[in-house]
Amino acid sequence: MDASPRRRKSLRLPAIPWLVGGLGLPAVAAAASPGGQAGAWTLVGLALGLAAAMAMCWSVMRERLSPHEGWGYLALAALAVAVLGVFGAGRWPWLVALLALSVVAWGLVMVRTLSGRMRGLLLERDHARAEASRVKADSERDPLTGVLNRGAWRARLERIGEDTRQDQRPMSVLFFDIDLFKLINDSLGHQVGDDCLKAVADTVAHELRGGDILGRLGGEEFAVALPGARRIHAIAVGERIRQAVQKHCQVVGEEVVELTVSVGAAEYLGEGESYDALMDRADRAMYTAKGSGRNMVVADATVPQGPAAP
């Protein structure tokens with residue numbers, strides 16, 4: 001990482017003397033010729049313009065740049081050269097041109113310093129943004145399964161609910177629970193239990209659409225938000241999840257566990273229903289599935305009134 005800036009410096013540093021020579025030496029030569037005031041004034045104008053540009057940059061970045069870095073001195077030097085040009089360009093045009101060329105070279109060095117500082121600030125900003133995004137993503141994820149944690153899933157549910165209400169679209173949720181999970185933990189150990197949680201989360205994630213939101217609510221309990229899905233569609237998704245877990249989670253690691261899930265489904269009733277009430281209906285439907293024999297999908301019977309109902 002340190003080698004890259006040194007490489008850029010070695011490539012760009014020679015550009016300044018070449019640029020100064022290419023622009024300034026012909027003007028100095030013109031100033032040294034008889035009646036060559038135009039060359040001197042060309043360099044004086046360039047020095048003043050460069051100083052003005054530096055002053056503007058400093059006014060924008062003064063919180064990041066210190067006065068002792070020479071910004072004020074450069075402006076004063078450019079003004080001094082301009083005053084000298086007024087009184088001495090006719091008598092000593094070559095001297096005025098040399099002094100102006102020195103100010104120009106000084107300004108170009110400061111331009112290069114400023115560009116390096118700006119690159120550094122941009123890199124710091126990009127790094128800070130990337131770090132903030134990573135921290136936010138980590139804070140929203142369940143560390144074991146990688147899916148959204150309870151708080152993040154609830155926040156997404158509320159956001160989806162607001163969008164669906166504005167668009168007058170339906171929304172449903174699924175709650176599902178791994179059957180007999182405590183027995184697996186007690187008989188095979190917590191490591192196998194953790195592997196089962198990860199296996200179920202991975203299996204369910206592959207059965208969802210791109211806009212569906214999967215989260216872990218705690219323990220062995222998960223939830224899915226289904227934007228645009230009515231009750232009948234939620235039942236179909238829940239059945240697909242149930243079958244996928246039963247098929248793909250028979251063996252986890254080296255242990256035969258034959259996992260199944262009980263699924264509860266509920267359709268959002270709209271603005272008149274709170275999100276807590278929606279989650280409670282899905283939760284009660286899930287416990288009805290568990291109490292009715294497990295490994296099944298049960299949907300809450302309440303449906304919205306009007307065109308959103310199936």
# chains A, B, ... in the order shown; residues from 1 in each chain; ligands from 1
$ closest_atom_pairs --of "range 225-302 of chain A" --to "range 169-192 of chain A" --cutoff "6 Å" --atoms "only C-alpha atoms" --output "Markdown table"
| residue | atom | partner | partner_atom | distance |
| --- | --- | --- | --- | --- |
| A:Ala225 | CA | A:Val173 | CA | 4.6 |
| A:Leu226 | CA | A:Ser172 | CA | 5.1 |
| A:Pro227 | CA | A:Met171 | CA | 4.6 |
| A:Gly228 | CA | A:Pro170 | CA | 4.9 |
| A:Ala229 | CA | A:Met171 | CA | 5.0 |
| A:Arg230 | CA | A:Pro170 | CA | 5.6 |
| A:Thr260 | CA | A:Asp179 | CA | 5.7 |
| A:Val261 | CA | A:Ile178 | CA | 4.5 |
| A:Ser262 | CA | A:Phe176 | CA | 5.4 |
| A:Val263 | CA | A:Phe176 | CA | 4.2 |
| A:Gly264 | CA | A:Phe175 | CA | 5.1 |
| A:Ala265 | CA | A:Leu174 | CA | 4.6 |
| A:Ala266 | CA | A:Val173 | CA | 5.6 |
| A:Glu267 | CA | A:Ser172 | CA | 4.1 |
| A:Tyr268 | CA | A:Met171 | CA | 5.5 |
| A:Ala282 | CA | A:Phe175 | CA | 5.8 |
| A:Asp283 | CA | A:Phe175 | CA | 6.0 |
$ write_last_selection --atoms "N, CA and C atoms" --output "PDB file, in the first residue's frame"
ATOM      1  N   ALA A 225     -40.705 -11.472   5.557  1.00  0.00           N
ATOM      2  CA  ALA A 225     -41.648 -10.468   5.066  1.00  0.00           C
ATOM      3  C   ALA A 225     -41.809 -10.666   3.566  1.00  0.00           C
ATOM      4  N   LEU A 226     -43.053 -10.698   3.106  1.00  0.00           N
ATOM      5  CA  LEU A 226     -43.357 -10.993   1.706  1.00  0.00           C
ATOM      6  C   LEU A 226     -44.115  -9.822   1.085  1.00  0.00           C
ATOM      7  N   PRO A 227     -43.420  -8.807   0.572  1.00  0.00           N
ATOM      8  CA  PRO A 227     -44.119  -7.686  -0.063  1.00  0.00           C
ATOM      9  C   PRO A 227     -44.838  -8.133  -1.330  1.00  0.00           C
ATOM     10  N   GLY A 228     -46.069  -7.640  -1.502  1.00  0.00           N
ATOM     11  CA  GLY A 228     -46.850  -7.983  -2.679  1.00  0.00           C
ATOM     12  C   GLY A 228     -47.563  -9.315  -2.598  1.00  0.00           C
ATOM     13  N   ALA A 229     -47.454 -10.020  -1.479  1.00  0.00           N
ATOM     14  CA  ALA A 229     -48.036 -11.365  -1.355  1.00  0.00           C
ATOM     15  C   ALA A 229     -49.325 -11.320  -0.542  1.00  0.00           C
ATOM     16  N   ARG A 230     -50.376 -11.913  -1.083  1.00  0.00           N
ATOM     17  CA  ARG A 230     -51.607 -12.099  -0.325  1.00  0.00           C
ATOM     18  C   ARG A 230     -51.499 -13.381   0.499  1.00  0.00           C
ATOM     19  N   THR A 260     -37.441 -30.326  10.546  1.00  0.00           N
ATOM     20  CA  THR A 260     -38.700 -29.839   9.974  1.00  0.00           C
ATOM     21  C   THR A 260     -39.016 -28.490  10.613  1.00  0.00           C
ATOM     22  N   VAL A 261     -39.919 -27.755   9.982  1.00  0.00           N
ATOM     23  CA  VAL A 261     -40.322 -26.466  10.533  1.00  0.00           C
ATOM     24  C   VAL A 261     -41.841 -26.369  10.543  1.00  0.00           C
ATOM     25  N   SER A 262     -42.339 -25.611  11.504  1.00  0.00           N
ATOM     26  CA  SER A 262     -43.757 -25.267  11.569  1.00  0.00           C
ATOM     27  C   SER A 262     -43.893 -23.801  11.173  1.00  0.00           C
ATOM     28  N   VAL A 263     -44.819 -23.524  10.258  1.00  0.00           N
ATOM     29  CA  VAL A 263     -44.907 -22.203   9.639  1.00  0.00           C
ATOM     30  C   VAL A 263     -46.273 -21.595   9.909  1.00  0.00           C
ATOM     31  N   GLY A 264     -46.272 -20.308  10.308  1.00  0.00           N
ATOM     32  CA  GLY A 264     -47.501 -19.542  10.452  1.00  0.00           C
ATOM     33  C   GLY A 264     -47.499 -18.387   9.483  1.00  0.00           C
ATOM     34  N   ALA A 265     -48.633 -18.116   8.849  1.00  0.00           N
ATOM     35  CA  ALA A 265     -48.740 -17.053   7.847  1.00  0.00           C
ATOM     36  C   ALA A 265     -49.849 -16.090   8.230  1.00  0.00           C
ATOM     37  N   ALA A 266     -49.632 -14.808   7.910  1.00  0.00           N
ATOM     38  CA  ALA A 266     -50.666 -13.799   8.155  1.00  0.00           C
ATOM     39  C   ALA A 266     -50.518 -12.693   7.126  1.00  0.00           C
ATOM     40  N   GLU A 267     -51.672 -12.195   6.643  1.00  0.00           N
ATOM     41  CA  GLU A 267     -51.667 -11.086   5.685  1.00  0.00           C
ATOM     42  C   GLU A 267     -51.927  -9.780   6.418  1.00  0.00           C
ATOM     43  N   TYR A 268     -51.194  -8.747   6.041  1.00  0.00           N
ATOM     44  CA  TYR A 268     -51.328  -7.435   6.665  1.00  0.00           C
ATOM     45  C   TYR A 268     -52.701  -6.845   6.331  1.00  0.00           C
ATOM     46  N   ALA A 282     -49.251 -13.875  13.042  1.00  0.00           N
ATOM     47  CA  ALA A 282     -48.382 -14.882  12.415  1.00  0.00           C
ATOM     48  C   ALA A 282     -47.781 -15.807  13.465  1.00  0.00           C
ATOM     49  N   ASP A 283     -47.423 -15.240  14.623  1.00  0.00           N
ATOM     50  CA  ASP A 283     -46.842 -16.042  15.695  1.00  0.00           C
ATOM     51  C   ASP A 283     -47.859 -17.051  16.230  1.00  0.00           C
TER      52      ASP A 283
END
$ atom_distance --atom1 "CA of Lys247 in chain A" --atom2 "CA of Asp280 in chain A"
28.6 Å
$ atom_distance --atom1 "CA of Glu140 in chain A" --atom2 "CA of Gly218 in chain A"
13.5 Å
$ closest_residue --among "A:Val303, A:Thr145, A:Met110, A:Gly238" --to "Ala289 in chain A" --atoms "only C-alpha atoms"
A:Gly238
$ closest_residue --among "A:Ala128, A:Cys196, A:Leu101, A:Val147" --to "Gly45 in chain A" --atoms "only C-alpha atoms"
A:Leu101
$ select_by_dssp --residues "range 229-273 of chain A" --states "strand (DSSP E)" --output "number ranges by chain"
A: 251-252, 255-256, 261-267
$ closest_residue --among "A:Ala223, A:Ala301, A:Ala47, A:Leu98" --to "Leu148 in chain A" --atoms "only C-alpha atoms"
A:Ala223
